[in-house]
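Reading through the structure tokens given below for one structure.
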Number of protein chains: 2
Amino acid sequence: MNKNEIPYKIYLEENEIPTSWYNVRADMKNKPAPLIHPGTLQPLKFEDMQPIFCDELIRQELDNDTAYIPIPEEVLNFYKMYRPSPLTHAKFLEQALDTPAKIFYKFEGNNTSGSHKLNSAIAQAYYAKEQGLKGVTTETGAGQWGTALSMACAFFGLDLKVYMVKVSYEQKPFRREVMRTYGADVTPSPSMNTNIGRAINEQFPGTTGSLGCAISEAVEVAVSTPGYRYELGSVLNQVLLHQSIIGLETKAACDKYGIKPDIIIGCAGGGSNLGGLISPFMGEKLRGEADYRIIAIEPASCPSFTRGKFAYDFCDTGKVCPMAKMYTLGHDFIPSANHAGGLRYHGMSPILSQLYHDGLMEARAVEQTSVFEAAQLFARTEGILPAPESSHAIRGAIDEALKCKETGEEKTIILGLTGTGYFDLKAYEQYNNGTMSDYIPTDEDLAKGFATIPDVNL
Amino acid sequence: MNKNEIPYKIYLEENEIPTSWYNVRADMKNKPAPLIHPGTLQPLKFEDMQPIFCDELIRQELDNDTAYIPIPEEVLNFYKMYRPSPLTHAKFLEQALDTPAKIFYKFEGNNTSGSHKLNSAIAQAYYAKEQGLKGVTTETGAGQWGTALSMACAFFGLDLKVYMVKVSYEQKPFRREVMRTYGADVTPSPSMNTNIGRAINEQFPGTTGSLGCAISEAVEVAVSTPGYRYELGSVLNQVLLHQSIIGLETKAACDKYGIKPDIIIGCAGGGSNLGGLISPFMGEKLRGEADYRIIAIEPASCPSFTRGKFAYDFCDTGKVCPMAKMYTLGHDFIPSANHAGGLRYHGMSPILSQLYHDGLMEARAVEQTSVFEAAQLFARTEGILPAPESSHAIRGAIDEALKCKETGEEKTIILGLTGTGYFDLKAYEQYNNGTMSDYIPTDEDLAKGFATIPDVNL
């Protein structure tokens, strides 16, 4: 098909929205390692997870075999409120770079949560409602996931208790108010509502909290409150399953217009966006039907893929969650406070970890001032102010496009633009004022985190 | 066409985006009164406006005859980055209201400026660039227009000086940072850069500024800086012309799917969104081809249509701008500080004022707590957190839909959803905390504003 016939923004028709999620595990020869119980070191079974997660979500978590899982009709109806998301030809960015490369971005920010997180939030809320639960708990750091789950719970009439990292609760009052507008009960973490919160407050008076601590509190409340379960917005297999809608739509749009990607680029924190975006392409690669370069971009401040260890580790600071085999910096690792770019999680999706370990994808770490430089160029040329997280992928795509400029190659690059930066203007302000700095942990810094990784050899 | 075949969200194809703006003045029997010079009271001619506005924009301002004005290709290319905007069937809102009415909303918030303002900003920046100007000036209150013009100027490589009402500059640092990210020079108003700013600072030490004052400063800088002109985001005829893209797309989507609106509802501050949305429908009405109820919704705190006078008045506090015949509360009128809902301008588009005066449209004033109640319901059912301004239109649409519930009528309502509320969370916080109050000016309050309206009878 002639390139000229491709519109700037490809919107699939409503009836072209995929009606099943794709489970990339079904095509993986080396399956991701199972979650294990930290005490027994045995793989977690359905019953072990029941106090924490919704039943159907546990089934999805454990299912390594079913390739396509139908999207429930009520979830599909909700998807239609903000999906299909556009696949946009970044024509003006290409012009600014003067590159022969073709750049397309799949934009997931056109919804009030401001990111792709809503794709899994609505699915998780649906299964909670189907199970007859009264409510769910979760944690949130920057607030994207908490907002998404607030919207989803409001839609299905579920109660939601959000434990929000205290420093974010105080510095991002607007995120908090969006959640409250959707009816969520938002508590700064560590709180005095939970055993773990009280213990942490006692041990570290005046602490401003961490994501790992907020997870521990949310899980404690879920397991101790009748009619409640806990829900998580990244890392888990079930989340990557739901996020496959991103990749499936991208693939459908490519197929419809004859776009043949050479390189697929996404940012990686816990892996939910990247895993979703690449799923169907990785599936083709695993089945030997096509080949793509797939590149994860992570912050140099929190380099789980590029400098982490592939090992079993805890998913949370409080060690109340199961252990996962993943690329990890150690569950006590916290990026430098001067890191403004998101993607602060110490670990990585077990699925992506396995794929990376098997050499099926690449990873690169980038520094934050170069990320914001890319963000600013993108904003000015493509008219969207990107989230700092998403801007890692933009940086990666620009770097590849500039390589094409050197070599003259006309490669086609697809990048996942996960969301908007409307609630991240503090970070932009630092960049605009020239006060943003870079930070790369030393080997000694990393060694401290590695020392907390438990010695599990399975 | 069967209602069931209408998708939730109607996206026109790229080649269905209108390629001309529609100028409703061409079909008006009673034309809007011309802008006049405050000294001579004579209608302003092209040459009178040249020091302030770009040449081509003056031509558009004065053109009461040409029905269709082609959209320049570069503007059309920019439109394609964020347009067509969706016309969405508010199915879940209808369900929540249990109404037989059909509600559709035209959503203009899916771009980084967060509102419809970008439609005119990109056109105005284009004409400035075509004229070979170095830059433009403007004012901004809440920040939507300033953000939109920043994006537009960045795209065309123009300098931009924004005078931002001081209280907003301080309370909305995030809006300011978006503008700075797009390269705009943002100054709190009143500043010490201008004669009028210095005079106001001297007369009212510690003043936090007003929109009328910021306009005066921006105009002063434009006329005194070589290679600069001033640009304005509402009220003017040229702005309504550019905003007709909203109505033209809406009409095209309705025609494509056989939707026959009975009622069209928009919020009204200066009139840019409402004027744009209704233009082609009003054109049919003026030509006797169809009939629609057209309703402007304004805040009870700033009721220009419902309680203002139809008279010549100044457009700005500093009286440096021309005078316009419009519904006005007096150029010194400032809504109560407890009004959080936007739409604070004392006057109204001369086009809409004339149409309202001629009985071709209705107007209603609503109180802000009822506006935020509507906003919350909309957010929870339709998944979009609306701007306070837009929420006035939602309130109006809900009220009409509830009337349909009483009468059993299956009317079709179209509402203009101008933008998102992501930078208005302070107001939502007030509402969530139950500390928001209503304010309706007394007749005595209004009399003070009316006393400042000059005695001009033309």
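We label chains A, B, ... in the order they appear in the structure tokens, count residues from 1 in each chain, and number ligands from 1 in the order shown.
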Near chain B, which residues of chain A fall within 7 Å when you count only C-alpha atoms, and what do they look like as a ChimeraX atom specification? /A:7-8,14,80-81,110-112,151,154-155,174,177,180-182,376,380-381,383-385,425,428-429,432
If we count only C-alpha atoms, what is near Ile259 (chain A) at a cut-off of 12 Å, once residues fewer than 2 positions away on the same chain are taken out, given as JSON, numbers by chain? {"A": [1, 2, 3, 4, 5, 6, 7, 10, 87, 88, 89, 102, 103, 104, 250, 251, 252, 253, 254, 255, 256, 257, 261, 262, 263, 411, 412, 413, 414]}
So that I can check the surroundings of Glu217 (chain A), please list as a PDB file with C-alpha atoms, in the first residue's frame every protein, DNA and RNA residue that reaches within 12 Å of it, counting only C-alpha atoms and ignoring chain neighbours fewer than 2 positions away.
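Final output, saved to part37.pdb:
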ATOM      1  CA  THR A 137      -7.564  -2.040  47.614  1.00  0.00           C
ATOM      2  CA  THR A 138      -4.510  -0.875  45.812  1.00  0.00           C
ATOM      3  CA  GLU A 139      -1.465   1.349  46.100  1.00  0.00           C
ATOM      4  CA  THR A 140      -0.385   4.191  43.898  1.00  0.00           C
ATOM      5  CA  LYS A 161      -9.225   2.102  49.123  1.00  0.00           C
ATOM      6  CA  VAL A 162      -6.032   3.576  47.696  1.00  0.00           C
ATOM      7  CA  TYR A 163      -2.779   3.728  49.655  1.00  0.00           C
ATOM      8  CA  MET A 164      -0.875   6.591  48.097  1.00  0.00           C
ATOM      9  CA  VAL A 165       2.838   7.054  48.799  1.00  0.00           C
ATOM     10  CA  THR A 187      -4.936   7.362  52.435  1.00  0.00           C
ATOM     11  CA  PRO A 188      -1.347   8.563  52.630  1.00  0.00           C
ATOM     12  CA  SER A 189       1.078   5.677  53.206  1.00  0.00           C
ATOM     13  CA  PRO A 190       2.522   4.727  55.617  1.00  0.00           C
ATOM     14  CA  SER A 191      -0.696   5.193  57.578  1.00  0.00           C
ATOM     15  CA  MET A 192      -1.767   4.232  61.061  1.00  0.00           C
ATOM     16  CA  ASN A 193      -4.502   1.916  59.645  1.00  0.00           C
ATOM     17  CA  THR A 194      -2.311  -1.150  59.271  1.00  0.00           C
ATOM     18  CA  ASN A 195       0.192  -3.127  61.306  1.00  0.00           C
ATOM     19  CA  ILE A 196       2.887  -2.590  58.729  1.00  0.00           C
ATOM     20  CA  GLY A 197       2.097   1.119  58.457  1.00  0.00           C
ATOM     21  CA  ARG A 198       2.272   1.590  62.210  1.00  0.00           C
ATOM     22  CA  ALA A 199       5.516  -0.368  62.403  1.00  0.00           C
ATOM     23  CA  ILE A 200       7.135   1.682  59.653  1.00  0.00           C
ATOM     24  CA  GLY A 209       6.763   6.404  52.246  1.00  0.00           C
ATOM     25  CA  SER A 210       7.616   4.183  49.282  1.00  0.00           C
ATOM     26  CA  LEU A 211       5.754   2.152  46.704  1.00  0.00           C
ATOM     27  CA  GLY A 212       6.874  -1.089  48.302  1.00  0.00           C
ATOM     28  CA  CYS A 213       5.441   0.022  51.642  1.00  0.00           C
ATOM     29  CA  ALA A 214       2.141   1.160  50.115  1.00  0.00           C
ATOM     30  CA  ILE A 215       1.770  -2.250  48.419  1.00  0.00           C
ATOM     31  CA  VAL A 219      -2.427  -6.095  50.706  1.00  0.00           C
ATOM     32  CA  GLU A 220      -2.809  -6.175  54.490  1.00  0.00           C
ATOM     33  CA  VAL A 221      -6.108  -4.290  54.301  1.00  0.00           C
ATOM     34  CA  ALA A 222      -7.400  -6.510  51.488  1.00  0.00           C
ATOM     35  CA  VAL A 223      -6.745  -9.779  53.271  1.00  0.00           C
ATOM     36  CA  SER A 224      -8.140  -8.515  56.575  1.00  0.00           C
ATOM     37  CA  TYR A 230      -6.089  -6.455  46.260  1.00  0.00           C
ATOM     38  CA  ASP A 316       7.277  -5.336  47.975  1.00  0.00           C
ATOM     39  CA  THR A 317       9.337  -3.826  50.771  1.00  0.00           C
ATOM     40  CA  GLY A 318       7.186  -5.323  53.536  1.00  0.00           C
ATOM     41  CA  LYS A 319       7.673  -8.839  52.110  1.00  0.00           C
ATOM     42  CA  VAL A 320       3.957  -9.650  52.427  1.00  0.00           C
ATOM     43  CA  CYS A 321       3.673 -10.429  48.709  1.00  0.00           C
TER      44      CYS A 321
END
DSSP on the backbone, then: every residue of region 68-287 of chain B marked strand (DSSP E), written as an MDAnalysis selection string. chainID B and resid 68:70 87:89 102:107 135:140 159:165 185:189 228:230 263:267
Going by DSSP on the backbone, which bits of region 126-206 of chain B are alpha helix (DSSP H)? Write them as a count of residues only, please. 42
